[in-house]
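Novice: Here you go, one structure.
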Amino acid sequence: MTPHHRAKLPPLQIGNIRVDSPVILAPMSGVTDAPYRRLVKKFGAGLLVSEMIASRAMILQTRESVKKCRRSADEDCTSVQLAGNEPDVMAEAAKLNEDMGAPIIDLNYGCPVKKVTNGYAGSALMKDECLATRILDAVVKAVGVPVTLKMRMGWNHAMLNAPKLAKAAEDAGVRMIVIHGRTRCQMYEGKADWAFIRQVKEAVSIPVVANGDIDSFDDIDDALRLSGADGVMIGRACYGKPWLIRQATEYLRGESPSPAPSLEEQREIVLEHYRDMLDHYGTETGLRMARKHLGWYAAGLRGAAQFRREVNAMTAPEQAISRIMALYEDQTAGSSLV
Ligand SMILES: Cc1cc2nc3c(=O)[nH]c(=O)nc-3n(C[C@H](O)[C@H](O)[C@H](O)COP(=O)(O)O)c2cc1C
């Protein structure tokens, strides 16, 4: 990211909660788990969102769902995201999470994957405005904490009903809307339509956050200028760069964004993240879950492909830790000749 001109935004007000930064880390299943969120939080993120949790699994207290929504003491700024399609079940899941300390409940009306939409949850709810609204009503009534909603522009381009649903959500008592500027049918194809988000912004008076394809300061400027949104949510651009949310926050405060950490600092960040993943998941799962992060951290470094091959085959954490250290040593070795 290189700064150009400075957009400036105030903090976000979500119901009675004031979030210091208008930059939110996007929920990403399999990526923004507790270890990753802890890391991003250390870099001063305002609001984080849990991975999507299936409401029915939550009320049945399946091991995976309980693990996903269990919060550590320092997770005061993590909202819990619920998916599902049964108003009473979602309300109960929301209440359970509130009782467990969730400061905000986020509802997922955006997930495009078939496994979720076939169950008529995620973005499929955008096709059924009546059910979508019943869920919003039920969840808002069930909890005292603010409820937020994340959705796409609509199911497809013939059905761009995000502004209408946003208004229904505001009327139901929802406190913030995040819009990923794509339709369900686009999945992740094409380019996010930041200008469309302005229609949502104009339909409601609660905060609206723009999401989709934001990965530079220029993108932040363009997304905000086109959408008029009150904040930005950043997902995939944070792969391998947990410090990005801090830089974007500084940028939107009108400060000079701090530089990316030095290679030495990055090595320490990667090691800390790696060890935390092993702690969180246990060795076997931790090793597997950490692979994609290691690949992202290594992207662009000398010897990245070789590193990925080797580290993906390793089954002993100590061996992988040595290999991570070697990767970063290789970057500085001989650099004066370049
Ligand atoms: C691997 C992956 C997992 C995701 N999981 C979720 C999720 O659990 N809940 C959700 O609301 N969105 C999820 N998303 C969507 C993101 O939150 C975000 O809306 C989308 O990636 C667009 O933002 P970006 O271009 O900044 O990544 C996921 C996206 C990716 C790539």
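So you can find residues: chains in the structure tokens are A, B, ... in the order shown, residues in each start at 1, and ligands are numbered from 1 in order.
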Given a cut-off of 7 Å, what residues near ligand 1 show up using only C-alpha atoms and all ligand atoms, put as JSON, numbers by chain?

Specialist: {"A": [26, 27, 28, 29, 30, 31, 51, 52, 108, 110, 111, 150, 180, 211, 212, 213, 214, 233, 234, 235, 236, 237]}

Novice: To test your reading of the structure, identify every residue in range 98-297 of chain A that backbone DSSP assigns to helix (DSSP H, G or I), and report it as a ChimeraX atom specification.

Specialist: /A:98-99,114-117,122-127,129-142,162-172,184-186,197-203,217-227,236-238,244-252,263-281,283-297

Novice: Out of A:Ala142, A:Ile206, A:Thr183, A:Gly300, which residue has the shortest atom-to-atom distance to Asp171 in chain A when counting only C-alpha atoms?

Specialist: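 Closest candidate: A:Ile206.
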
Novice: Give me the residues near Val178 in chain A as a PyMOL selection string, where near means some atom within 12 Å (using only C-alpha atoms) and where sequence neighbours in that chain fewer than 5 positions away do not count.

Specialist: chain A and resi 14+22-27+49+106-110+147-153+162-163+165-166+169+194+197-198+200-201+206-212+227+229-234

Novice: List as number ranges by chain the protein and nucleic acid residues near Ala57 in chain A, meaning an atom at most 10 Å away when only C-alpha atoms are counted, but skip any in the same chain fewer than 2 places from it.

Specialist: A: 53-55, 59-66, 83-84, 89, 93

Novice: Compare A:Gly254, A:Pro11, A:Pro146, A:Pro103 by their minimum atom-to-atom distance to Ala45 in chain A, counting only C-alpha atoms, and give me the closest one.

Specialist: A:Pro11
